[in-house]
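Engineer: Submitted below is the structure of interest, expressed as structure tokens.
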Amino acid sequence: MKKYLLSFAVLMMGAFLFTACSDDDDNKRQPIAVDVSEGMFIVGSGNTRNNIDGNLTYINYTNGISTLNAFQKANGKSLGKTANFALVYGQKLYIAVDGENTIWVCDKNTLKVIKQINTVELLGDVKGISPRAMVGYKDQLLFSLYGTGENSLVAAVDTVNFALKNTYNTGSYTDGITVVGDYLYTADSDYGNGVKPSITKCDLKTGSSQQIKGKDITNPMHMLTIGNDVYFLDYGQYDASWNQTGAGVRRVSQDGTVTRVIDGTAMGSDGKRIYTVNAPYGGSETTYLIYDTTTGQKSSWKPADIQSPAAIAADPVTGDVFIISYVMNPDTGYPAYNLPSYVNQYSADGTFKKRYDCGVGPISVVFNTSVKYE
């Protein structure tokens with residue numbers, strides 16, 4: 001009898017200890033992945049007419065400070081002539097400098113140069129000309145090369161040794177690129193000639209490609225991916241007096257169908273909504289439009305204090321919208337392309353939040369986002 005009671009007591013003690021351990025395990029909260037946005041990089045092309053090199057501006061959300069010429073301050077040297085595009089991929093910041101046939105690879109936190117990729121040395125004097133846009137894909141950096149028309153292509157290098165992994169044939173004067181799954185899409189602008197513009201869809205596994213053409217593809221330039229759809233900004237057409245018509249955002253479905261979405265001469269997206277500035281060259285009015293990709297609804301808004309819009313972007317984490325504007329030359333009344341510009345920050349509902357300084361010739365924006373665990 002005593003042995004039975006002792007065994008029962010031991011059994012109950014074990015059950016208590018097991019329950020206590022289980023409660024402790026339940027109380028240990030698992031880390032939660034949280035998307036955060038720490039700031040934004042703005043690439044300025046500079047101004048070749050006034051011998052002004054390209055530049056990089058960094059806006060820090062934490063302290064609200066805008067740092068102009070951030071690359072030069074970190075490295076003691078210039079980006080070079082006609083900087084064109086920036087990409088954050090992993091812990092690196094990549095900056096394409098069209099006029100120097102260079103892609104700078106930097107630590108995204110310190111901006112110190114890790115590698116200078118000379119695209120002519122990598123691909124030759126013909127095909128290695130003018131790196132334009134970039135996208136990350138499975139530990140590879142893919143970048144378009146404007147080349148000389150028929151020599152346009154997209155090259156892939158690994159993100160460790162930066163060795164050439166592959167090249168993909170595209171159309172005429174390729175600019176913007178994006179990736180959906182294992183497919184690469186390129187905007188083949190044809191240099192605005194309107195003779196053979198196209199969107200090239202390339203299978204990154206097999207290397208096979210097809211060109212998508214149609215009446216709504218006239219001068220495609222910039223691209224982005226939302227879900228399984230590709231969107232591109234088409235600059236439209238120019239008449240003999242350089243009046244611009246037909247500019248706007250188009251959607252490319254997986255089956256290659258091209259659909260007009262919304263008017264615009266510049267676009268940005270937070271991953272759900274596409275924001276456009278519609279300021280056609282030669283036009284008299286500037287409008288600001290929003291397209292909700294989940295509902296298909298369109299709307300407009302009027303941001304405060306924009307003199308001459310150059311670019312628009314939306315933070316994919318916070319949803320805030322940023323419009324970059326040239327300042328006006330007080331003597332001529334026209335945009336001053338050789339002077340520093342400025343950035344206005346708005347909440348998603350259009351409320352003005354803050355103004356920042358920016359470099360000369362703003363052309364491209366990328367946000368400094370990451371995943372942290374809480």
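By convention in this document, the chains of the structure tokens carry letters A, B, ... by their order, each chain's residues are numbered from 1, and ligands are numbered from 1 in the order they are shown.
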With only C-alpha atoms counted and 8 Å as the cut-off, give the residues of stretch 249-338 of chain A in contact with stretch 345-369 of chain A, each with its shortest interatomic distance in Å and the pair that gives it, as a Markdown table.

Structural biologist:
| residue | atom | partner | partner_atom | distance |
| --- | --- | --- | --- | --- |
| A:Trp301 | CA | A:Gly350 | CA | 7.1 |
| A:Lys302 | CA | A:Gly350 | CA | 7.7 |
| A:Pro303 | CA | A:Gly350 | CA | 6.4 |
| A:Ala304 | CA | A:Phe352 | CA | 6.9 |
| A:Ala310 | CA | A:Pro362 | CA | 6.6 |
| A:Ala311 | CA | A:Ile363 | CA | 6.5 |
| A:Ala313 | CA | A:Val365 | CA | 6.7 |
| A:Asp315 | CA | A:Phe367 | CA | 6.6 |
| A:Val317 | CA | A:Thr369 | CA | 7.7 |
| A:Gly319 | CA | A:Ala348 | CA | 5.6 |
| A:Asp320 | CA | A:Ser347 | CA | 4.5 |
| A:Val321 | CA | A:Tyr346 | CA | 5.1 |
| A:Phe322 | CA | A:Gln345 | CA | 4.7 |
| A:Ile323 | CA | A:Gln345 | CA | 6.8 |
| A:Ile324 | CA | A:Pro362 | CA | 7.2 |
| A:Tyr326 | CA | A:Gly361 | CA | 8.0 |
| A:Tyr337 | CA | A:Gly361 | CA | 6.2 |
| A:Asn338 | CA | A:Val360 | CA | 6.1 |

Engineer: Got a sec: who's within 12 Å of A:Glu121, counting only C-alpha atoms, leaving out chain neighbours fewer than 4 positions off, as an MDAnalysis selection string?

Structural biologist: chainID A and resid 100:103 116:117 125:129 163:164

Engineer: Which is closer to A:Tyr94 than all the others in A:Val230, A:Val195, A:Met328, A:Val43, using only C-alpha atoms?

Structural biologist: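 Among the listed residues, A:Val43 lies closest to A:Tyr94.
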
Engineer: Compare A:Met221, A:Thr170, A:Asn47, A:Asp331 by their minimum atom-to-atom distance to A:Arg132, counting only C-alpha atoms, and give me the closest one.

Structural biologist: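 Between A:Met221, A:Thr170, A:Asn47, A:Asp331, the residue approaching A:Arg132 most closely is A:Met221.
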
Engineer: Counting only C-alpha atoms, what is within 9 Å of A:Gly99, bar same-chain residues fewer than 6 positions away, as a list in words?

Structural biologist: Gly80, Lys81, Thr82, Ala83, Asn84, Ile129, Ser130 and Pro131 of chain A

Engineer: Any chance you can output those residues with all heavy atoms as a short mmCIF file (atom, residue, chain, number, x, y, z; two decimals), in the first residue's frame?

Structural biologist:
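And here's selection-v7.cif as it stands now:
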data_model
loop_
_atom_site.label_atom_id
_atom_site.label_comp_id
_atom_site.auth_asym_id
_atom_site.auth_seq_id
_atom_site.Cartn_x
_atom_site.Cartn_y
_atom_site.Cartn_z
N GLY A 80 30.37 59.62 -60.63
CA GLY A 80 30.65 59.69 -62.06
C GLY A 80 29.50 60.32 -62.81
O GLY A 80 28.51 60.75 -62.24
N LYS A 81 29.64 60.36 -64.12
CA LYS A 81 28.68 61.05 -64.97
C LYS A 81 27.42 60.21 -65.20
O LYS A 81 27.49 59.04 -65.51
CB LYS A 81 29.32 61.39 -66.31
CG LYS A 81 30.48 62.38 -66.22
CD LYS A 81 31.09 62.64 -67.58
CE LYS A 81 32.27 63.61 -67.47
NZ LYS A 81 32.90 63.85 -68.78
N THR A 82 26.28 60.87 -65.04
CA THR A 82 24.97 60.31 -65.37
C THR A 82 24.67 59.02 -64.61
O THR A 82 24.54 57.94 -65.19
CB THR A 82 24.83 60.05 -66.90
OG1 THR A 82 25.41 61.14 -67.61
CG2 THR A 82 23.36 59.95 -67.27
N ALA A 83 24.57 59.15 -63.30
CA ALA A 83 24.06 58.03 -62.49
C ALA A 83 22.61 57.80 -62.88
O ALA A 83 21.89 58.73 -63.24
CB ALA A 83 24.19 58.36 -61.01
N ASN A 84 22.15 56.55 -62.81
CA ASN A 84 20.87 56.23 -63.42
C ASN A 84 19.89 55.47 -62.54
O ASN A 84 18.69 55.65 -62.65
CB ASN A 84 21.11 55.42 -64.70
CG ASN A 84 19.92 55.39 -65.62
OD1 ASN A 84 19.56 56.42 -66.19
ND2 ASN A 84 19.28 54.22 -65.76
N ILE A 129 27.88 48.54 -72.83
CA ILE A 129 27.66 49.99 -72.77
C ILE A 129 26.38 50.33 -72.00
O ILE A 129 25.34 49.72 -72.20
CB ILE A 129 27.56 50.57 -74.20
CG1 ILE A 129 28.88 50.35 -74.94
CG2 ILE A 129 27.23 52.06 -74.16
CD1 ILE A 129 28.82 50.75 -76.40
N SER A 130 26.48 51.30 -71.13
CA SER A 130 25.33 51.96 -70.50
C SER A 130 24.44 51.05 -69.65
O SER A 130 23.33 50.71 -70.04
CB SER A 130 24.46 52.67 -71.55
OG SER A 130 25.20 53.64 -72.23
N PRO A 131 24.90 50.66 -68.46
CA PRO A 131 24.01 49.95 -67.54
C PRO A 131 22.86 50.84 -67.10
O PRO A 131 23.07 52.01 -66.80
CB PRO A 131 24.93 49.59 -66.37
CG PRO A 131 26.01 50.62 -66.40
CD PRO A 131 26.21 50.93 -67.86
#

Engineer: Just the residues within 6 Å of stretch 261-266 of chain A, please, counting only C-alpha atoms, with nothing from its chain fewer than 2 positions along; format it as a PyMOL selection string.

Structural biologist: chain A and resi 247-250+276-279
